[in-house]
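Undergrad: Structure supplied as target_7.cif; contents: mmCIF, C-alpha atoms and all ligand atoms.
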```
data_final
#
loop_
_atom_site.label_atom_id
_atom_site.label_comp_id
_atom_site.auth_asym_id
_atom_site.auth_seq_id
_atom_site.Cartn_x
_atom_site.Cartn_y
_atom_site.Cartn_z
CA MET A 1 -25.81 67.25 50.56
CA GLU A 2 -23.11 64.80 49.49
CA ILE A 3 -19.76 64.34 51.13
CA GLU A 4 -16.84 65.06 48.82
CA THR A 5 -13.58 63.21 49.49
CA ILE A 6 -10.38 64.92 48.38
CA ASP A 7 -7.04 63.08 48.32
CA ALA A 8 -4.64 65.39 50.20
CA ARG A 9 -1.87 64.47 47.73
CA GLN A 10 -3.87 66.08 44.92
CA LEU A 11 -5.51 68.96 46.73
CA PRO A 12 -5.94 71.91 44.33
CA PRO A 13 -4.72 75.23 45.89
CA GLU A 14 -8.11 76.93 45.36
CA GLU A 15 -9.85 74.06 47.19
CA ALA A 16 -7.33 74.36 50.05
CA ARG A 17 -8.20 78.07 50.12
CA ASN A 18 -11.95 77.39 50.47
CA ILE A 19 -11.35 74.99 53.36
CA ALA A 20 -8.81 77.34 54.99
CA GLU A 21 -11.43 80.12 54.95
CA LEU A 22 -13.90 77.93 56.86
CA ILE A 23 -11.24 76.83 59.39
CA ALA A 24 -10.04 80.41 59.92
CA GLY A 25 -13.63 81.54 60.51
CA VAL A 26 -14.27 78.79 63.09
CA TRP A 27 -10.92 79.28 64.91
CA PRO A 28 -9.99 82.97 64.43
CA ASP A 29 -6.31 83.49 65.24
CA PRO A 30 -4.29 86.46 63.95
CA GLU A 31 -1.15 84.30 63.81
CA LYS A 32 -2.83 81.64 61.70
CA THR A 33 -3.85 83.53 58.60
CA ILE A 34 -5.86 82.00 55.75
CA ASP A 35 -2.57 81.76 53.78
CA PHE A 36 -0.95 79.85 56.64
CA ARG A 37 -3.89 77.47 56.98
CA GLN A 38 -4.04 76.94 53.21
CA GLN A 39 -0.35 76.01 53.18
CA ARG A 40 -0.83 73.60 56.10
CA LEU A 41 -3.59 71.82 54.14
CA LEU A 42 -1.42 71.67 51.02
CA ASP A 43 1.43 70.19 53.10
CA MET A 44 -0.78 67.39 54.48
CA GLY A 45 -0.24 65.00 51.58
CA ARG A 46 3.25 66.08 50.60
CA ASN A 47 5.37 63.48 52.39
CA TYR A 48 2.93 60.58 52.52
CA ARG A 49 4.51 57.31 51.41
CA GLY A 50 2.06 54.67 52.72
CA PRO A 51 -0.70 52.62 51.06
CA ASP A 52 -3.45 54.39 49.08
CA ASN A 53 -6.27 53.16 51.31
CA GLN A 54 -4.67 54.94 54.31
CA ALA A 55 -3.70 58.11 52.43
CA PRO A 56 -4.46 61.49 54.04
CA ARG A 57 -7.64 63.06 52.78
CA LEU A 58 -10.17 65.78 53.40
CA PHE A 59 -13.91 65.44 53.65
CA VAL A 60 -16.04 68.44 52.79
CA LEU A 61 -19.70 69.36 52.59
CA ARG A 62 -20.73 72.26 50.39
CA LYS A 63 -23.85 74.40 50.35
CA GLN A 64 -24.41 76.70 47.37
CA GLY A 65 -20.75 76.33 46.46
CA GLN A 66 -19.49 77.27 49.94
CA VAL A 67 -17.61 74.76 52.11
CA VAL A 68 -19.73 74.49 55.29
CA ALA A 69 -18.20 71.41 56.96
CA HIS A 70 -14.77 69.82 56.96
CA ALA A 71 -12.78 66.99 58.53
CA ALA A 72 -9.16 66.02 57.83
CA LEU A 73 -8.02 62.40 57.98
CA LEU A 74 -4.37 61.93 58.95
CA PRO A 75 -2.75 58.50 59.05
CA ARG A 76 -0.29 58.34 61.95
CA LYS A 77 2.10 55.72 63.25
CA ILE A 78 2.20 55.79 67.05
CA GLY A 79 4.33 53.89 69.55
CA THR A 80 2.37 52.01 72.21
CA ALA A 81 2.83 49.23 74.78
CA TRP A 82 1.52 46.91 72.03
CA GLY A 83 4.17 48.10 69.58
CA ASP A 84 3.70 50.54 66.70
CA LEU A 85 0.11 51.05 65.50
CA THR A 86 -1.17 52.98 62.50
CA VAL A 87 -4.16 54.98 63.64
CA VAL A 88 -6.31 57.53 61.89
CA GLY A 89 -6.08 61.04 63.27
CA LEU A 90 -8.90 63.54 62.93
CA ALA A 91 -8.07 67.21 62.57
CA SER A 92 -9.85 70.51 61.98
CA VAL A 93 -13.33 69.03 62.27
CA CYS A 94 -15.65 71.98 61.92
CA VAL A 95 -19.05 73.15 60.74
CA ASP A 96 -19.88 76.74 59.77
CA SER A 97 -21.49 78.32 62.87
CA ARG A 98 -24.67 79.10 60.85
CA GLU A 99 -25.08 75.44 59.88
CA ARG A 100 -24.62 73.62 63.20
CA GLY A 101 -27.18 71.36 64.81
CA GLN A 102 -28.38 69.78 61.55
CA GLY A 103 -26.26 66.63 61.60
CA LEU A 104 -23.48 67.95 59.34
CA GLY A 105 -20.78 67.41 61.99
CA ALA A 106 -21.80 63.77 62.41
CA MET A 107 -21.97 63.36 58.61
CA ILE A 108 -18.41 64.60 58.13
CA VAL A 109 -16.83 62.49 60.92
CA ARG A 110 -18.61 59.21 60.13
CA PRO A 111 -16.58 58.37 56.99
CA VAL A 112 -13.41 58.50 59.10
CA PHE A 113 -14.83 56.17 61.74
CA GLU A 114 -16.18 53.89 58.98
CA LEU A 115 -12.59 53.27 57.85
CA VAL A 116 -11.98 51.88 61.33
CA ASP A 117 -15.15 49.77 61.15
CA GLN A 118 -13.91 48.40 57.80
CA GLY A 119 -10.50 47.53 59.29
CA VAL A 120 -8.48 50.01 57.19
CA PHE A 121 -7.23 51.42 60.52
CA GLY A 122 -7.34 49.75 63.94
CA PHE A 123 -8.42 52.90 65.77
CA SER A 124 -9.04 56.59 65.44
CA LEU A 125 -7.13 58.82 67.89
CA PHE A 126 -7.75 62.54 68.29
CA GLN A 127 -7.92 65.45 70.70
CA THR A 128 -10.93 67.64 71.46
CA SER A 129 -12.38 69.99 74.07
CA PRO A 130 -14.62 69.04 77.01
CA GLU A 131 -17.47 70.92 75.25
CA VAL A 132 -17.25 68.77 72.12
CA GLN A 133 -16.52 65.45 73.89
CA PRO A 134 -20.25 64.47 74.03
CA PHE A 135 -20.52 64.96 70.26
CA TYR A 136 -17.83 62.30 69.71
CA GLU A 137 -19.27 60.04 72.43
CA LYS A 138 -22.55 59.96 70.50
CA LEU A 139 -20.57 58.75 67.49
CA GLY A 140 -19.05 55.87 69.50
CA ALA A 141 -15.74 57.30 70.75
CA CYS A 142 -14.50 57.42 74.36
CA VAL A 143 -12.01 59.39 76.42
CA ILE A 144 -8.62 57.78 77.12
CA GLU A 145 -6.23 58.58 79.94
CA ASN A 146 -2.82 57.62 78.51
CA THR A 147 0.15 59.97 78.81
CA PHE A 148 1.21 61.28 75.37
CA VAL A 149 4.70 62.30 74.30
CA ASN A 150 6.56 63.03 71.07
CA SER A 151 10.03 61.49 71.28
CA PHE A 152 11.16 63.64 68.31
CA ALA A 153 10.31 66.95 70.02
CA ASP A 154 12.82 69.27 71.71
CA ASP A 155 11.14 68.25 74.96
CA PRO A 156 10.46 64.53 74.42
CA HIS A 157 8.44 64.29 77.65
CA ALA A 158 5.96 67.11 76.93
CA THR A 159 2.49 66.28 75.66
CA PRO A 160 2.19 67.06 71.94
CA PHE A 161 -1.57 67.66 72.22
CA TRP A 162 -2.90 71.07 73.23
CA ASN A 163 -6.52 70.17 73.99
CA LYS A 164 -7.54 68.60 77.29
CA VAL A 165 -9.53 65.65 76.04
CA ILE A 166 -7.99 62.76 74.09
CA MET A 167 -10.35 60.21 72.57
CA ARG A 168 -10.30 56.98 70.65
CA TYR A 169 -12.79 55.23 68.40
CA PRO A 170 -14.21 52.68 68.89
CA ALA A 171 -15.07 52.99 72.57
CA ASP A 172 -15.35 49.23 73.04
CA GLY A 173 -12.56 46.65 73.03
CA GLU A 174 -9.03 46.76 74.39
CA TRP A 175 -6.68 49.72 74.16
CA PRO A 176 -2.99 49.82 75.18
CA VAL A 177 -2.30 51.21 78.65
CA GLY A 178 0.61 53.49 79.57
CA GLU A 179 2.56 56.07 77.62
CA ILE A 180 1.91 56.62 73.92
CA ASP A 181 4.53 58.18 71.66
CA LEU A 182 2.93 60.17 68.82
CA LEU A 183 6.29 59.96 66.97
CA GLY A 184 5.59 63.46 65.67
CA PRO A 185 3.72 66.66 66.54
CA GLY A 186 0.15 66.81 67.80
CA TYR A 187 -2.69 67.32 65.37
C1 LIG B 201 -18.49 70.10 67.05
C2 LIG B 201 -19.20 70.41 65.74
C3 LIG B 201 -18.35 69.93 64.57
C4 LIG B 201 -20.55 69.69 65.74
O1 LIG B 201 -21.18 69.93 64.49
P1 LIG B 201 -22.79 69.94 64.33
O2 LIG B 201 -23.08 69.91 62.89
O3 LIG B 201 -23.37 71.03 65.13
O4 LIG B 201 -23.14 68.55 65.03
P2 LIG B 201 -24.37 67.58 64.63
O5 LIG B 201 -25.57 68.41 64.35
O6 LIG B 201 -23.92 66.65 63.58
O7 LIG B 201 -24.56 66.77 65.99
C5 LIG B 201 -24.60 65.37 66.06
C6 LIG B 201 -25.09 64.99 67.44
O8 LIG B 201 -24.13 65.47 68.42
C7 LIG B 201 -24.80 66.36 69.32
N1 LIG B 201 -23.87 67.44 69.63
C8 LIG B 201 -23.26 68.27 68.76
N2 LIG B 201 -22.45 69.13 69.42
C9 LIG B 201 -22.57 68.81 70.73
C10 LIG B 201 -22.00 69.34 71.92
N3 LIG B 201 -21.11 70.35 71.91
N4 LIG B 201 -22.35 68.78 73.10
C11 LIG B 201 -23.24 67.76 73.16
N5 LIG B 201 -23.81 67.20 72.05
C12 LIG B 201 -23.48 67.74 70.87
C13 LIG B 201 -26.02 66.85 68.58
O9 LIG B 201 -27.02 67.25 69.49
C14 LIG B 201 -26.42 65.62 67.80
O10 LIG B 201 -27.09 64.72 68.66
P3 LIG B 201 -28.28 63.77 68.12
O11 LIG B 201 -27.62 62.80 67.16
O12 LIG B 201 -28.78 63.11 69.35
O13 LIG B 201 -29.25 64.66 67.44
C15 LIG B 201 -19.49 71.94 65.61
O14 LIG B 201 -20.17 72.37 66.76
C16 LIG B 201 -18.25 72.82 65.43
O15 LIG B 201 -17.79 73.04 64.32
N6 LIG B 201 -17.72 73.35 66.55
C17 LIG B 201 -16.57 74.27 66.52
C18 LIG B 201 -15.30 73.60 66.12
C19 LIG B 201 -14.91 72.45 67.03
O16 LIG B 201 -14.85 72.57 68.24
N7 LIG B 201 -14.63 71.30 66.40
C20 LIG B 201 -14.22 70.09 67.06
C21 LIG B 201 -12.76 69.97 67.05
S1 LIG B 201 -12.21 68.44 67.78
#
```
What does the file become when written as structure tokens?
Ligand SMILES: CC(C)(COP(=O)(O)OP(=O)(O)OC[C@H]1O[C@@H](n2cnc3c(N)ncnc32)[C@H](O)[C@@H]1OP(=O)(O)O)[C@@H](O)C(=O)NCCC(=O)NCCS
TA:
Amino acid sequence: MEIETIDARQLPPEEARNIAELIAGVWPDPEKTIDFRQQRLLDMGRNYRGPDNQAPRLFVLRKQGQVVAHAALLPRKIGTAWGDLTVVGLASVCVDSRERGQGLGAMIVRPVFELVDQGVFGFSLFQTSPEVQPFYEKLGACVIENTFVNSFADDPHATPFWNKVIMRYPADGEWPVGEIDLLGPGY
């Protein structure tokens, strides 16, 4: 199986549909229909104005034409004690429940972390659940304990993340302490 990389700025609607179907199957939610998730994917690249090598993109793995694994790469500027940093966010990482435990999850996340290894981004920053935390630890990420806010939100002191665990990649090296402003909504 080969990883396909899709530039979010040129995501065809039918491709967004295939990915939205996988995401909706992994996280069933009557309020987040396939149409809604498809639109969210199509919106990902819409307002991006940064360099091409940091552009938002989607990684997919396909089996017999069906999308079975997906990860979204989101470039994000964040405000930290070190000043503004551009980090790479990870979103909607998922593997079809029938295809788990074969290394596909690791395969789909690695290209994002490789961009950090190559210096395209300084860090990856993302949220996850306590159940999935060990999966990311195996890939070289670690939990961080900063407070997160979004200064643009109605409540600028509330955390913009909804999962309990916030992680960064790589686990080694320095990381800014104190509050971090996501300068936008959680992902
Ligand atoms: C998390 C998820 C993407 C992992 O995908 P996967 O294809 O099953 O994972 P892999 O087979 O690539 O696992 C890679 C390694 O992580 C380990 N691992 C995977 N899930 C794990 C878990 N929940 N806890 C502990 N270890 C885990 C595997 O055992 C494997 O270890 P190994 O390298 O020593 O063999 C998949 O379970 C999933 O889609 N879950 C539901 C959606 C979700 O929660 N996504 C994460 C959002 S942040």
Undergrad: Give me, as a PyMOL selection string, all polymer residues having an atom no more than 7 Å from segment 165-182 of chain A, counting all atoms listed in the file and skipping those fewer than 2 positions away in the same chain.
TA: chain A and resi 78-82+123-130+140-144+146-151+163+184-185
Undergrad: Calculate how many Å separate atom CA of Glu99 of chain A from atom O5 of ligand LIG 201 (chain B), rounding to one decimal.
TA: 8.3 Å
Undergrad: Please extract the residues at most 7 Å from ligand LIG 201 (chain B), counting only C-alpha atoms and all ligand atoms, and provide them as a ChimeraX atom specification, using the chain letters and residue numbers of this document.
TA: /A:26,91-97,99-107,127-129,131-135,138
Undergrad: Tell me which of A:Leu61, A:Val116, A:Ala55, A:Val67 sits closest to Arg17 of chain A, counting all atoms listed in the file.
TA: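 Under the stated criterion, the closest residue is A:Val67.
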Undergrad: Please provide as a list in words all residues within 12 Å of Pro111 of chain A, with the sequence filter that same-chain residues fewer than 5 positions apart are discarded (counting only C-alpha atoms).
TA: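 Using only C-alpha atoms, the neighbours found are Glu2, Ile3, Glu4, Thr5, Arg57, Leu58, Phe59, Val60, His70, Ala71, Ala72, Leu73, Val88, Leu90, Gly105, Ala106, Val116, Asp117, Gln118, Val120, Ser124 and Leu139 of chain A.
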Undergrad: Would you mind exporting the chosen residues as an mmCIF file, in the frame of the given file, restricted to C-alpha atoms?
TA:
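Listing of again_10.cif after writing:
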```cif
data_model
loop_
_atom_site.group_PDB
_atom_site.id
_atom_site.type_symbol
_atom_site.label_atom_id
_atom_site.label_comp_id
_atom_site.auth_asym_id
_atom_site.auth_seq_id
_atom_site.Cartn_x
_atom_site.Cartn_y
_atom_site.Cartn_z
ATOM 1 C CA GLU A 2 -23.110 64.800 49.490
ATOM 2 C CA ILE A 3 -19.760 64.340 51.130
ATOM 3 C CA GLU A 4 -16.840 65.060 48.820
ATOM 4 C CA THR A 5 -13.580 63.210 49.490
ATOM 5 C CA ARG A 57 -7.640 63.060 52.780
ATOM 6 C CA LEU A 58 -10.170 65.780 53.400
ATOM 7 C CA PHE A 59 -13.910 65.440 53.650
ATOM 8 C CA VAL A 60 -16.040 68.440 52.790
ATOM 9 C CA HIS A 70 -14.770 69.820 56.960
ATOM 10 C CA ALA A 71 -12.780 66.990 58.530
ATOM 11 C CA ALA A 72 -9.160 66.020 57.830
ATOM 12 C CA LEU A 73 -8.020 62.400 57.980
ATOM 13 C CA VAL A 88 -6.310 57.530 61.890
ATOM 14 C CA LEU A 90 -8.900 63.540 62.930
ATOM 15 C CA GLY A 105 -20.780 67.410 61.990
ATOM 16 C CA ALA A 106 -21.800 63.770 62.410
ATOM 17 C CA VAL A 116 -11.980 51.880 61.330
ATOM 18 C CA ASP A 117 -15.150 49.770 61.150
ATOM 19 C CA GLN A 118 -13.910 48.400 57.800
ATOM 20 C CA VAL A 120 -8.480 50.010 57.190
ATOM 21 C CA SER A 124 -9.040 56.590 65.440
ATOM 22 C CA LEU A 139 -20.570 58.750 67.490
#
```
Undergrad: Would you work out the distance separating atom CA of Ala20 of chain A from atom CA of Val109 of chain A, expressed in Å to one decimal?
TA: 17.9 Å
Undergrad: Give me, please, the distance in Å between atom CA of Gln39 of chain A and atom CA of Arg62 of chain A, quoted to one decimal.
TA: 20.9 Å
Undergrad: Check the smallest atom-to-atom distance from each of A:Val68, A:Ala158, A:Val87, A:Met44 to Ile19 of chain A using all atoms listed in the file, then report the winner.
TA: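 Nearest to Ile19 of chain A: A:Val68.
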Undergrad: Go through A:Asp84, A:Glu114, A:Ala69, A:Arg98 one by one, measure the shortest atom-to-atom distance of each to Met1 of chain A using all atoms listed in the file, and give the residue with the smallest value.
TA: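 The closest residue to Met1 of chain A is A:Ala69.
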Undergrad: Out of A:Gly25, A:Gly119, A:Arg9, A:Glu14, which residue has the shortest atom-to-atom distance to Arg49 of chain A when counting all atoms listed in the file?
TA: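 Using all atoms listed in the file, the shortest distance to Arg49 of chain A belongs to A:Arg9.
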Undergrad: Taking all atoms listed in the file into account, which of A:Phe121, A:Ile6, A:Ile23, A:Val112 comes nearest Pro51 of chain A?
TA: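 Smallest distance to Pro51 of chain A is found for A:Phe121.
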